[in-house]
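Dumped structure-v1.tsv below, it's TSV, N, CA and C atoms:
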chain	number	residue	atom	x	y	z
A	1	MET	N	23.60	-4.10	23.45
A	1	MET	CA	22.27	-4.65	23.63
A	1	MET	C	21.62	-4.85	22.27
A	2	THR	N	21.12	-6.01	22.02
A	2	THR	CA	20.52	-6.33	20.73
A	2	THR	C	19.02	-6.05	20.76
A	3	ASP	N	18.54	-5.46	19.67
A	3	ASP	CA	17.11	-5.19	19.56
A	3	ASP	C	16.44	-6.46	19.03
A	4	THR	N	15.63	-7.09	19.87
A	4	THR	CA	14.99	-8.34	19.47
A	4	THR	C	13.59	-8.13	18.92
A	5	THR	N	13.09	-6.90	19.00
A	5	THR	CA	11.75	-6.66	18.48
A	5	THR	C	11.79	-6.64	16.96
A	6	THR	N	10.79	-7.23	16.37
A	6	THR	CA	10.73	-7.20	14.92
A	6	THR	C	9.91	-6.00	14.50
A	7	LYS	N	10.30	-5.42	13.38
A	7	LYS	CA	9.54	-4.24	12.94
A	7	LYS	C	8.21	-4.68	12.35
A	8	PRO	N	7.20	-3.82	12.48
A	8	PRO	CA	5.89	-4.18	11.93
A	8	PRO	C	5.94	-4.30	10.41
A	9	SER	N	5.06	-5.10	9.88
A	9	SER	CA	5.00	-5.34	8.45
A	9	SER	C	3.60	-5.02	7.95
A	10	VAL	N	3.53	-4.27	6.84
A	10	VAL	CA	2.25	-3.86	6.27
A	10	VAL	C	2.16	-4.35	4.83
A	11	LEU	N	1.02	-4.93	4.50
A	11	LEU	CA	0.74	-5.39	3.13
A	11	LEU	C	-0.42	-4.58	2.58
A	12	PHE	N	-0.21	-3.94	1.44
A	12	PHE	CA	-1.27	-3.21	0.74
A	12	PHE	C	-1.77	-4.07	-0.40
A	13	VAL	N	-3.09	-4.24	-0.49
A	13	VAL	CA	-3.67	-5.09	-1.52
A	13	VAL	C	-4.76	-4.33	-2.28
A	14	CYS	N	-4.65	-4.31	-3.60
A	14	CYS	CA	-5.76	-3.87	-4.43
A	14	CYS	C	-5.85	-4.85	-5.59
A	15	VAL	N	-6.78	-4.65	-6.48
A	15	VAL	CA	-7.01	-5.65	-7.53
A	15	VAL	C	-5.80	-5.77	-8.45
A	16	HIS	N	-5.34	-4.63	-8.99
A	16	HIS	CA	-4.30	-4.69	-10.02
A	16	HIS	C	-2.89	-4.42	-9.51
A	17	ASN	N	-2.75	-3.98	-8.25
A	17	ASN	CA	-1.44	-3.65	-7.68
A	17	ASN	C	-0.69	-2.70	-8.61
A	18	ALA	N	-1.44	-1.74	-9.18
A	18	ALA	CA	-0.84	-0.83	-10.15
A	18	ALA	C	-0.99	0.63	-9.77
A	19	GLY	N	-1.92	0.95	-8.86
A	19	GLY	CA	-2.18	2.35	-8.53
A	19	GLY	C	-2.20	2.60	-7.04
A	20	ARG	N	-3.36	2.34	-6.42
A	20	ARG	CA	-3.54	2.67	-5.01
A	20	ARG	C	-2.53	1.99	-4.10
A	21	SER	N	-2.39	0.68	-4.23
A	21	SER	CA	-1.49	-0.04	-3.33
A	21	SER	C	-0.04	0.36	-3.57
A	22	GLN	N	0.32	0.67	-4.82
A	22	GLN	CA	1.69	1.11	-5.11
A	22	GLN	C	1.95	2.50	-4.55
A	23	MET	N	0.97	3.40	-4.65
A	23	MET	CA	1.14	4.73	-4.06
A	23	MET	C	1.26	4.63	-2.54
A	24	ALA	N	0.42	3.78	-1.94
A	24	ALA	CA	0.47	3.59	-0.49
A	24	ALA	C	1.83	3.05	-0.05
A	25	ALA	N	2.32	2.06	-0.77
A	25	ALA	CA	3.63	1.48	-0.44
A	25	ALA	C	4.73	2.53	-0.60
A	26	GLY	N	4.64	3.33	-1.65
A	26	GLY	CA	5.63	4.38	-1.87
A	26	GLY	C	5.64	5.39	-0.73
A	27	PHE	N	4.45	5.83	-0.30
A	27	PHE	CA	4.36	6.76	0.83
A	27	PHE	C	4.90	6.13	2.10
A	28	LEU	N	4.55	4.87	2.35
A	28	LEU	CA	4.99	4.24	3.59
A	28	LEU	C	6.51	4.12	3.62
A	29	ARG	N	7.11	3.73	2.50
A	29	ARG	CA	8.57	3.66	2.45
A	29	ARG	C	9.18	5.03	2.69
A	30	ASP	N	8.58	6.07	2.09
A	30	ASP	CA	9.11	7.43	2.19
A	30	ASP	C	8.99	7.97	3.61
A	31	ILE	N	7.85	7.75	4.24
A	31	ILE	CA	7.57	8.34	5.56
A	31	ILE	C	8.19	7.51	6.69
A	32	ALA	N	8.10	6.20	6.61
A	32	ALA	CA	8.57	5.35	7.71
A	32	ALA	C	10.02	4.91	7.56
A	33	GLY	N	10.56	5.04	6.35
A	33	GLY	CA	11.93	4.57	6.14
A	33	GLY	C	12.02	3.07	6.39
A	34	ASP	N	13.02	2.67	7.16
A	34	ASP	CA	13.20	1.23	7.41
A	34	ASP	C	12.54	0.78	8.71
A	35	ARG	N	11.67	1.63	9.28
A	35	ARG	CA	11.02	1.26	10.55
A	35	ARG	C	9.86	0.30	10.34
A	36	ILE	N	9.34	0.21	9.11
A	36	ILE	CA	8.22	-0.67	8.80
A	36	ILE	C	8.53	-1.42	7.51
A	37	GLU	N	8.27	-2.71	7.52
A	37	GLU	CA	8.44	-3.52	6.31
A	37	GLU	C	7.21	-3.32	5.43
A	38	VAL	N	7.44	-3.09	4.13
A	38	VAL	CA	6.36	-2.75	3.22
A	38	VAL	C	6.23	-3.80	2.12
A	39	ARG	N	4.97	-4.26	1.92
A	39	ARG	CA	4.67	-5.17	0.82
A	39	ARG	C	3.44	-4.65	0.09
A	40	SER	N	3.32	-5.00	-1.18
A	40	SER	CA	2.07	-4.71	-1.89
A	40	SER	C	1.83	-5.83	-2.90
A	41	ALA	N	0.55	-6.04	-3.20
A	41	ALA	CA	0.18	-7.12	-4.11
A	41	ALA	C	-1.21	-6.87	-4.66
A	42	GLY	N	-1.57	-7.64	-5.68
A	42	GLY	CA	-2.90	-7.52	-6.27
A	42	GLY	C	-3.52	-8.88	-6.48
A	43	SER	N	-4.85	-8.92	-6.40
A	43	SER	CA	-5.55	-10.19	-6.63
A	43	SER	C	-5.52	-10.56	-8.12
A	44	MET	N	-5.47	-9.56	-9.00
A	44	MET	CA	-5.29	-9.77	-10.44
A	44	MET	C	-4.32	-8.72	-10.95
A	45	PRO	N	-3.00	-8.92	-10.73
A	45	PRO	CA	-2.03	-7.87	-11.02
A	45	PRO	C	-2.04	-7.45	-12.50
A	46	ALA	N	-1.84	-6.16	-12.70
A	46	ALA	CA	-1.73	-5.61	-14.05
A	46	ALA	C	-0.34	-5.92	-14.63
A	47	ASP	N	-0.16	-5.57	-15.90
A	47	ASP	CA	1.13	-5.78	-16.55
A	47	ASP	C	2.17	-4.77	-16.07
A	48	GLN	N	1.71	-3.58	-15.71
A	48	GLN	CA	2.64	-2.52	-15.29
A	48	GLN	C	1.92	-1.57	-14.34
A	49	ILE	N	2.73	-0.76	-13.68
A	49	ILE	CA	2.19	0.26	-12.78
A	49	ILE	C	1.47	1.32	-13.60
A	50	ASN	N	0.42	1.88	-13.03
A	50	ASN	CA	-0.34	2.95	-13.66
A	50	ASN	C	0.57	4.17	-13.84
A	51	PRO	N	0.82	4.59	-15.10
A	51	PRO	CA	1.73	5.72	-15.32
A	51	PRO	C	1.25	7.02	-14.68
A	52	THR	N	-0.05	7.18	-14.54
A	52	THR	CA	-0.57	8.39	-13.89
A	52	THR	C	-0.26	8.37	-12.40
A	53	ALA	N	-0.33	7.19	-11.78
A	53	ALA	CA	0.06	7.06	-10.37
A	53	ALA	C	1.54	7.39	-10.20
A	54	VAL	N	2.36	6.90	-11.13
A	54	VAL	CA	3.80	7.19	-11.10
A	54	VAL	C	4.03	8.70	-11.19
A	55	ALA	N	3.30	9.36	-12.11
A	55	ALA	CA	3.45	10.81	-12.29
A	55	ALA	C	2.99	11.57	-11.05
A	56	ALA	N	1.86	11.15	-10.46
A	56	ALA	CA	1.34	11.83	-9.27
A	56	ALA	C	2.32	11.73	-8.11
A	57	MET	N	2.94	10.56	-7.94
A	57	MET	CA	3.91	10.39	-6.87
A	57	MET	C	5.19	11.18	-7.17
A	58	GLY	N	5.57	11.19	-8.46
A	58	GLY	CA	6.76	11.93	-8.86
A	58	GLY	C	6.66	13.42	-8.54
A	59	GLU	N	5.44	13.96	-8.60
A	59	GLU	CA	5.24	15.37	-8.25
A	59	GLU	C	5.66	15.66	-6.82
A	60	LEU	N	5.62	14.64	-5.97
A	60	LEU	CA	6.00	14.80	-4.56
A	60	LEU	C	7.41	14.28	-4.29
A	61	GLY	N	8.12	13.95	-5.36
A	61	GLY	CA	9.50	13.49	-5.20
A	61	GLY	C	9.62	12.03	-4.77
A	62	ILE	N	8.56	11.25	-4.96
A	62	ILE	CA	8.60	9.83	-4.61
A	62	ILE	C	8.58	9.02	-5.90
A	63	ASP	N	9.63	8.26	-6.13
A	63	ASP	CA	9.80	7.52	-7.38
A	63	ASP	C	9.34	6.07	-7.19
A	64	ILE	N	8.26	5.69	-7.86
A	64	ILE	CA	7.80	4.29	-7.79
A	64	ILE	C	7.93	3.61	-9.16
A	65	THR	N	8.74	4.19	-10.05
A	65	THR	CA	8.85	3.64	-11.41
A	65	THR	C	9.43	2.23	-11.44
A	66	ALA	N	10.25	1.88	-10.46
A	66	ALA	CA	10.90	0.56	-10.48
A	66	ALA	C	9.99	-0.55	-9.97
A	67	GLU	N	8.85	-0.20	-9.39
A	67	GLU	CA	7.95	-1.21	-8.82
A	67	GLU	C	7.23	-1.99	-9.92
A	68	GLN	N	6.92	-3.22	-9.61
A	68	GLN	CA	6.17	-4.08	-10.53
A	68	GLN	C	4.96	-4.65	-9.81
A	69	PRO	N	3.80	-4.71	-10.48
A	69	PRO	CA	2.66	-5.37	-9.86
A	69	PRO	C	2.99	-6.83	-9.53
A	70	LYS	N	2.58	-7.25	-8.33
A	70	LYS	CA	2.86	-8.60	-7.85
A	70	LYS	C	1.55	-9.30	-7.50
A	71	VAL	N	1.56	-10.61	-7.66
A	71	VAL	CA	0.35	-11.38	-7.35
A	71	VAL	C	0.26	-11.58	-5.83
A	72	LEU	N	-0.96	-11.49	-5.32
A	72	LEU	CA	-1.21	-11.69	-3.90
A	72	LEU	C	-1.03	-13.16	-3.56
A	73	THR	N	-0.21	-13.44	-2.54
A	73	THR	CA	-0.01	-14.81	-2.10
A	73	THR	C	-0.45	-14.94	-0.64
A	74	THR	N	-0.83	-16.15	-0.28
A	74	THR	CA	-1.19	-16.44	1.10
A	74	THR	C	0.00	-16.16	2.02
A	75	GLU	N	1.21	-16.47	1.54
A	75	GLU	CA	2.41	-16.25	2.34
A	75	GLU	C	2.61	-14.78	2.67
A	76	ALA	N	2.31	-13.89	1.70
A	76	ALA	CA	2.48	-12.45	1.94
A	76	ALA	C	1.53	-11.99	3.05
A	77	VAL	N	0.31	-12.52	3.03
A	77	VAL	CA	-0.65	-12.14	4.08
A	77	VAL	C	-0.19	-12.69	5.42
A	78	GLN	N	0.23	-13.94	5.45
A	78	GLN	CA	0.65	-14.55	6.71
A	78	GLN	C	1.85	-13.83	7.31
A	79	ALA	N	2.73	-13.29	6.46
A	79	ALA	CA	3.96	-12.65	6.93
A	79	ALA	C	3.74	-11.20	7.35
A	80	SER	N	2.54	-10.68	7.19
A	80	SER	CA	2.27	-9.28	7.48
A	80	SER	C	1.47	-9.11	8.77
A	81	ASP	N	1.76	-8.03	9.48
A	81	ASP	CA	1.02	-7.73	10.71
A	81	ASP	C	-0.27	-6.97	10.40
A	82	VAL	N	-0.19	-6.09	9.42
A	82	VAL	CA	-1.33	-5.26	9.03
A	82	VAL	C	-1.60	-5.49	7.55
A	83	VAL	N	-2.85	-5.77	7.20
A	83	VAL	CA	-3.24	-5.97	5.81
A	83	VAL	C	-4.26	-4.89	5.47
A	84	ILE	N	-3.90	-4.04	4.51
A	84	ILE	CA	-4.78	-2.95	4.10
A	84	ILE	C	-5.28	-3.24	2.70
A	85	THR	N	-6.59	-3.44	2.60
A	85	THR	CA	-7.19	-3.74	1.30
A	85	THR	C	-7.81	-2.48	0.72
A	86	MET	N	-7.82	-2.43	-0.59
A	86	MET	CA	-8.33	-1.28	-1.32
A	86	MET	C	-9.19	-1.79	-2.46
A	87	GLY	N	-10.37	-2.26	-2.11
A	87	GLY	CA	-11.31	-2.67	-3.15
A	87	GLY	C	-11.05	-4.02	-3.77
A	88	CYS	N	-10.44	-4.96	-3.03
A	88	CYS	CA	-10.26	-6.28	-3.64
A	88	CYS	C	-11.31	-7.28	-3.16
A	89	GLY	N	-12.20	-6.85	-2.28
A	89	GLY	CA	-13.34	-7.67	-1.89
A	89	GLY	C	-12.97	-9.04	-1.37
A	90	ASP	N	-13.66	-10.05	-1.86
A	90	ASP	CA	-13.49	-11.41	-1.36
A	90	ASP	C	-12.18	-12.05	-1.80
A	91	ALA	N	-11.44	-11.40	-2.70
A	91	ALA	CA	-10.19	-11.99	-3.19
A	91	ALA	C	-9.10	-11.97	-2.13
A	92	CYS	N	-9.28	-11.17	-1.07
A	92	CYS	CA	-8.25	-11.06	-0.05
A	92	CYS	C	-8.43	-12.16	1.00
A	93	PRO	N	-7.43	-13.01	1.18
A	93	PRO	CA	-7.54	-14.05	2.20
A	93	PRO	C	-7.55	-13.45	3.59
A	94	PHE	N	-8.28	-14.09	4.50
A	94	PHE	CA	-8.40	-13.60	5.86
A	94	PHE	C	-7.74	-14.58	6.82
A	95	PHE	N	-6.88	-14.07	7.69
A	95	PHE	CA	-6.26	-14.90	8.71
A	95	PHE	C	-6.54	-14.29	10.08
A	96	PRO	N	-6.98	-15.10	11.04
A	96	PRO	CA	-7.21	-14.59	12.40
A	96	PRO	C	-5.91	-14.01	12.97
A	97	GLY	N	-6.05	-12.98	13.75
A	97	GLY	CA	-4.89	-12.40	14.42
A	97	GLY	C	-4.22	-11.29	13.65
A	98	LYS	N	-4.61	-11.08	12.41
A	98	LYS	CA	-4.05	-9.98	11.63
A	98	LYS	C	-4.94	-8.75	11.81
A	99	ARG	N	-4.33	-7.60	11.68
A	99	ARG	CA	-5.11	-6.37	11.69
A	99	ARG	C	-5.48	-6.05	10.24
A	100	TYR	N	-6.77	-5.95	9.98
A	100	TYR	CA	-7.25	-5.65	8.63
A	100	TYR	C	-7.90	-4.28	8.60
A	101	GLU	N	-7.63	-3.54	7.55
A	101	GLU	CA	-8.32	-2.29	7.29
A	101	GLU	C	-8.72	-2.29	5.83
A	102	ASP	N	-9.91	-1.82	5.54
A	102	ASP	CA	-10.33	-1.67	4.15
A	102	ASP	C	-10.46	-0.18	3.88
A	103	TRP	N	-9.60	0.32	3.01
A	103	TRP	CA	-9.61	1.74	2.67
A	103	TRP	C	-10.46	1.93	1.43
A	104	LYS	N	-11.54	2.67	1.56
A	104	LYS	CA	-12.42	2.99	0.43
A	104	LYS	C	-11.79	4.15	-0.34
A	105	LEU	N	-11.20	3.83	-1.47
A	105	LEU	CA	-10.53	4.83	-2.29
A	105	LEU	C	-10.96	4.65	-3.74
A	106	ASP	N	-11.13	5.74	-4.45
A	106	ASP	CA	-11.43	5.65	-5.88
A	106	ASP	C	-10.27	4.97	-6.60
A	107	ASP	N	-10.59	4.23	-7.64
A	107	ASP	CA	-9.58	3.54	-8.44
A	107	ASP	C	-9.00	4.54	-9.44
A	108	PRO	N	-7.67	4.73	-9.42
A	108	PRO	CA	-7.07	5.68	-10.36
A	108	PRO	C	-6.96	5.17	-11.80
A	109	ALA	N	-7.29	3.90	-12.02
A	109	ALA	CA	-7.16	3.33	-13.37
A	109	ALA	C	-7.97	4.14	-14.37
A	110	GLY	N	-7.32	4.53	-15.45
A	110	GLY	CA	-7.99	5.25	-16.51
A	110	GLY	C	-8.29	6.71	-16.20
A	111	GLN	N	-7.86	7.19	-15.04
A	111	GLN	CA	-8.12	8.57	-14.64
A	111	GLN	C	-6.94	9.47	-15.03
A	112	GLY	N	-7.26	10.73	-15.25
A	112	GLY	CA	-6.21	11.71	-15.51
A	112	GLY	C	-5.56	12.16	-14.21
A	113	ILE	N	-4.47	12.92	-14.35
A	113	ILE	CA	-3.70	13.35	-13.18
A	113	ILE	C	-4.55	14.18	-12.21
A	114	ASP	N	-5.47	14.98	-12.72
A	114	ASP	CA	-6.29	15.81	-11.83
A	114	ASP	C	-7.20	14.96	-10.95
A	115	ALA	N	-7.61	13.80	-11.45
A	115	ALA	CA	-8.44	12.88	-10.66
A	115	ALA	C	-7.59	12.04	-9.71
A	116	VAL	N	-6.33	11.79	-10.08
A	116	VAL	CA	-5.46	10.93	-9.27
A	116	VAL	C	-4.87	11.69	-8.08
A	117	ARG	N	-4.64	12.98	-8.23
A	117	ARG	CA	-4.03	13.74	-7.12
A	117	ARG	C	-4.82	13.65	-5.82
A	118	PRO	N	-6.16	13.83	-5.83
A	118	PRO	CA	-6.89	13.72	-4.55
A	118	PRO	C	-6.82	12.32	-3.96
A	119	ILE	N	-6.79	11.28	-4.80
A	119	ILE	CA	-6.63	9.90	-4.31
A	119	ILE	C	-5.28	9.78	-3.63
A	120	ARG	N	-4.25	10.27	-4.31
A	120	ARG	CA	-2.88	10.25	-3.76
A	120	ARG	C	-2.83	10.96	-2.41
A	121	ASP	N	-3.45	12.14	-2.33
A	121	ASP	CA	-3.38	12.92	-1.09
A	121	ASP	C	-4.14	12.23	0.05
A	122	GLU	N	-5.25	11.58	-0.28
A	122	GLU	CA	-6.00	10.81	0.72
A	122	GLU	C	-5.15	9.64	1.23
A	123	ILE	N	-4.45	8.98	0.31
A	123	ILE	CA	-3.57	7.87	0.71
A	123	ILE	C	-2.47	8.38	1.64
A	124	ARG	N	-1.88	9.52	1.30
A	124	ARG	CA	-0.81	10.06	2.14
A	124	ARG	C	-1.31	10.33	3.56
A	125	ALA	N	-2.49	10.94	3.69
A	125	ALA	CA	-3.04	11.23	5.02
A	125	ALA	C	-3.25	9.93	5.81
A	126	ARG	N	-3.75	8.90	5.14
A	126	ARG	CA	-3.97	7.62	5.82
A	126	ARG	C	-2.65	6.97	6.23
A	127	ILE	N	-1.63	7.08	5.38
A	127	ILE	CA	-0.32	6.51	5.69
A	127	ILE	C	0.30	7.23	6.89
A	128	GLU	N	0.17	8.56	6.93
A	128	GLU	CA	0.72	9.29	8.07
A	128	GLU	C	0.06	8.83	9.37
A	129	GLN	N	-1.25	8.61	9.34
A	129	GLN	CA	-1.97	8.10	10.51
A	129	GLN	C	-1.48	6.70	10.89
A	130	LEU	N	-1.32	5.84	9.89
A	130	LEU	CA	-0.88	4.47	10.10
A	130	LEU	C	0.51	4.45	10.76
A	131	VAL	N	1.43	5.26	10.22
A	131	VAL	CA	2.78	5.30	10.77
A	131	VAL	C	2.75	5.74	12.23
A	132	SER	N	1.90	6.73	12.55
A	132	SER	CA	1.83	7.21	13.94
A	132	SER	C	1.33	6.11	14.87
A	133	GLU	N	0.54	5.17	14.34
A	133	GLU	CA	0.03	4.07	15.16
A	133	GLU	C	1.05	2.94	15.31
A	134	LEU	N	1.90	2.75	14.31
A	134	LEU	CA	2.76	1.56	14.28
A	134	LEU	C	4.17	1.80	14.84
A	135	VAL	N	4.66	3.03	14.78
A	135	VAL	CA	6.05	3.25	15.23
A	135	VAL	C	6.13	4.19	16.41
Full structure transcribed into structure tokens:
Amino acid sequence: MTDTTTKPSVLFVCVHNAGRSQMAAGFLRDIAGDRIEVRSAGSMPADQINPTAVAAMGELGIDITAEQPKVLTTEAVQASDVVITMGCGDACPFFPGKRYEDWKLDDPAGQGIDAVRPIRDEIRARIEQLVSELV
């Protein structure tokens, strides 16, 4: 018997696609495995991932060093079932029929590890809730 259901797809969007959205994508990949398709993008992507975000995730055994900030495209939004924005405001395109959530999270840019850990932990709690809803 063939499984014809498609797995849900989640797109995380923040301005630079260097901290919050990358941590969220890392947690979702770690917790959901291959049960959910994961994308992340930024309205104005940075040159590289925030090294403090990489370090904070590394403390939990999640390696996001290979990720690169990506530019937000209309196609990425259209291809996703759930779009989670993190402070990108009007830069995020809106399409009817998509599930949108806006997560109010502090920006880890320029913050030390002690400031990034609570952001990371808040993201993990939200991802665990999201996975319980989607799978």
Neighbour list for Glu67 in chain A as a CSV table (one decimal) with N, CA and C atoms, in the coordinates of the input, cut-off 10 Å, only C-alpha atoms, skip fewer than 6 positions in-chain:
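The file below, part-v4.csv, is the result:
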chain,number,residue,atom,x,y,z
A,17,ASN,N,-2.8,-4.0,-8.2
A,17,ASN,CA,-1.4,-3.6,-7.7
A,17,ASN,C,-0.7,-2.7,-8.6
A,18,ALA,N,-1.4,-1.7,-9.2
A,18,ALA,CA,-0.8,-0.8,-10.2
A,18,ALA,C,-1.0,0.6,-9.8
A,22,GLN,N,0.3,0.7,-4.8
A,22,GLN,CA,1.7,1.1,-5.1
A,22,GLN,C,2.0,2.5,-4.6
A,25,ALA,N,2.3,2.1,-0.8
A,25,ALA,CA,3.6,1.5,-0.4
A,25,ALA,C,4.7,2.5,-0.6
A,26,GLY,N,4.6,3.3,-1.6
A,26,GLY,CA,5.6,4.4,-1.9
A,26,GLY,C,5.6,5.4,-0.7
A,40,SER,N,3.3,-5.0,-1.2
A,40,SER,CA,2.1,-4.7,-1.9
A,40,SER,C,1.8,-5.8,-2.9
A,48,GLN,N,1.7,-3.6,-15.7
A,48,GLN,CA,2.6,-2.5,-15.3
A,48,GLN,C,1.9,-1.6,-14.3
A,49,ILE,N,2.7,-0.8,-13.7
A,49,ILE,CA,2.2,0.3,-12.8
A,49,ILE,C,1.5,1.3,-13.6
A,54,VAL,N,2.4,6.9,-11.1
A,54,VAL,CA,3.8,7.2,-11.1
A,54,VAL,C,4.0,8.7,-11.2
Q. Mind checking DSSP for range 10-77 of chain A and telling me the alpha helix (DSSP H) residues as a PyMOL selection string?
A. chain A and resi 20-32+51-58+74-77
Could you list, with a cut-off of 8 Å and counting only C-alpha atoms, the residues of range 21-85 of chain A near range 98-119 of chain A, each shown with its nearest atom pair and the distance in Å rounded to one decimal, rows sorted by chain and ascending number, as JSON lines?
{"residue": "A:Asn50", "atom": "CA", "partner": "A:Ala109", "partner_atom": "CA", "distance": 6.8}
{"residue": "A:Thr52", "atom": "CA", "partner": "A:Ile113", "partner_atom": "CA", "distance": 5.9}
{"residue": "A:Ala53", "atom": "CA", "partner": "A:Val116", "partner_atom": "CA", "distance": 6.8}
{"residue": "A:Ala55", "atom": "CA", "partner": "A:Ile113", "partner_atom": "CA", "distance": 7.6}
{"residue": "A:Ala56", "atom": "CA", "partner": "A:Arg117", "partner_atom": "CA", "distance": 6.1}
{"residue": "A:Ser80", "atom": "CA", "partner": "A:Lys98", "partner_atom": "CA", "distance": 7.6}
{"residue": "A:Asp81", "atom": "CA", "partner": "A:Lys98", "partner_atom": "CA", "distance": 5.6}
{"residue": "A:Val82", "atom": "CA", "partner": "A:Arg99", "partner_atom": "CA", "distance": 4.8}
{"residue": "A:Val83", "atom": "CA", "partner": "A:Tyr100", "partner_atom": "CA", "distance": 4.9}
{"residue": "A:Ile84", "atom": "CA", "partner": "A:Glu101", "partner_atom": "CA", "distance": 4.8}
{"residue": "A:Thr85", "atom": "CA", "partner": "A:Asp102", "partner_atom": "CA", "distance": 4.7}
Same residues, N, CA and C atoms, output as a PDB file, in the coordinates of the input:
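Once written, out26.pdb looks like this:
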ATOM      1  N   ASN A  50       0.420   1.880 -13.030  1.00  0.00           N
ATOM      2  CA  ASN A  50      -0.340   2.950 -13.660  1.00  0.00           C
ATOM      3  C   ASN A  50       0.570   4.170 -13.840  1.00  0.00           C
ATOM      4  N   THR A  52      -0.050   7.180 -14.540  1.00  0.00           N
ATOM      5  CA  THR A  52      -0.570   8.390 -13.890  1.00  0.00           C
ATOM      6  C   THR A  52      -0.260   8.370 -12.400  1.00  0.00           C
ATOM      7  N   ALA A  53      -0.330   7.190 -11.780  1.00  0.00           N
ATOM      8  CA  ALA A  53       0.060   7.060 -10.370  1.00  0.00           C
ATOM      9  C   ALA A  53       1.540   7.390 -10.200  1.00  0.00           C
ATOM     10  N   ALA A  55       3.300   9.360 -12.110  1.00  0.00           N
ATOM     11  CA  ALA A  55       3.450  10.810 -12.290  1.00  0.00           C
ATOM     12  C   ALA A  55       2.990  11.570 -11.050  1.00  0.00           C
ATOM     13  N   ALA A  56       1.860  11.150 -10.460  1.00  0.00           N
ATOM     14  CA  ALA A  56       1.340  11.830  -9.270  1.00  0.00           C
ATOM     15  C   ALA A  56       2.320  11.730  -8.110  1.00  0.00           C
ATOM     16  N   SER A  80       2.540 -10.680   7.190  1.00  0.00           N
ATOM     17  CA  SER A  80       2.270  -9.280   7.480  1.00  0.00           C
ATOM     18  C   SER A  80       1.470  -9.110   8.770  1.00  0.00           C
ATOM     19  N   ASP A  81       1.760  -8.030   9.480  1.00  0.00           N
ATOM     20  CA  ASP A  81       1.020  -7.730  10.710  1.00  0.00           C
ATOM     21  C   ASP A  81      -0.270  -6.970  10.400  1.00  0.00           C
ATOM     22  N   VAL A  82      -0.190  -6.090   9.420  1.00  0.00           N
ATOM     23  CA  VAL A  82      -1.330  -5.260   9.030  1.00  0.00           C
ATOM     24  C   VAL A  82      -1.600  -5.490   7.550  1.00  0.00           C
ATOM     25  N   VAL A  83      -2.850  -5.770   7.200  1.00  0.00           N
ATOM     26  CA  VAL A  83      -3.240  -5.970   5.810  1.00  0.00           C
ATOM     27  C   VAL A  83      -4.260  -4.890   5.470  1.00  0.00           C
ATOM     28  N   ILE A  84      -3.900  -4.040   4.510  1.00  0.00           N
ATOM     29  CA  ILE A  84      -4.780  -2.950   4.100  1.00  0.00           C
ATOM     30  C   ILE A  84      -5.280  -3.240   2.700  1.00  0.00           C
ATOM     31  N   THR A  85      -6.590  -3.440   2.600  1.00  0.00           N
ATOM     32  CA  THR A  85      -7.190  -3.740   1.300  1.00  0.00           C
ATOM     33  C   THR A  85      -7.810  -2.480   0.720  1.00  0.00           C
TER      34      THR A  85
END
Given only N, CA and C atoms as the counted atoms, nearest of A:Val131, A:Ala66, A:Met57, A:Val38 to Met23 in chain A |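 Distance minimum relative to Met23 in chain A lands on A:Met57.
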Could the centre and edge lengths of an axis-aligned box, enclosing all atoms of range 62-73 of chain A in the file with 5 Å extra on each side, be given in Å to one decimal as AutoDock Vina command-line options?
--center_x 4.8 --center_y -1.8 --center_z -6.0 --size_x 22.1 --size_y 36.2 --size_z 20.8
In Å and to one decimal, CA of Leu72 in chain A is distant from CA of Leu60 in chain A by 27.5 Å
- [ ] Determine, counting only C-alpha atoms, which protein, DNA and RNA residues have an atom within 12 Å of an atom of Ala32 in chain A; residues of the same chain fewer than 6 positions away are not included. Present the result as number ranges by chain.
- [x] A: 7-10, 24-26, 38, 124, 127-135
CA of Thr74 in chain A to CA of Asp121 in chain A measures 29.5 Å
So which residues of chain A fall under strand (DSSP E or B) by DSSP, listed as a VMD selection string? chain A and resid 9 to 14 37 to 42 71 82 to 86 99 to 102
* What does the distance from atom N of Thr65 in chain A to atom C of Ile31 in chain A come to in Å, to one decimal? ->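 That distance, rounded to one decimal, is 17.1 Å.
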* Choose the residue, out of A:Gly33, A:Gly58, A:Pro51, A:Gly87, that has the smallest atom-to-atom separation from His16 in chain A; count only C-alpha atoms. =>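 With only C-alpha atoms as the atom set, the closest residue is A:Gly87.
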Residue nearest Ala41 in chain A - candidates A:Ala79, A:Val71, A:Met86, A:Ile123, atoms counted: all atoms listed in the file:
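Selected residue with least distance to Ala41 in chain A: A:Val71.
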Using only C-alpha atoms, the best pick from A:Gln68, A:Arg20, A:Ala76, A:Leu11 as closest to Ile36 in chain A would be A:Leu11
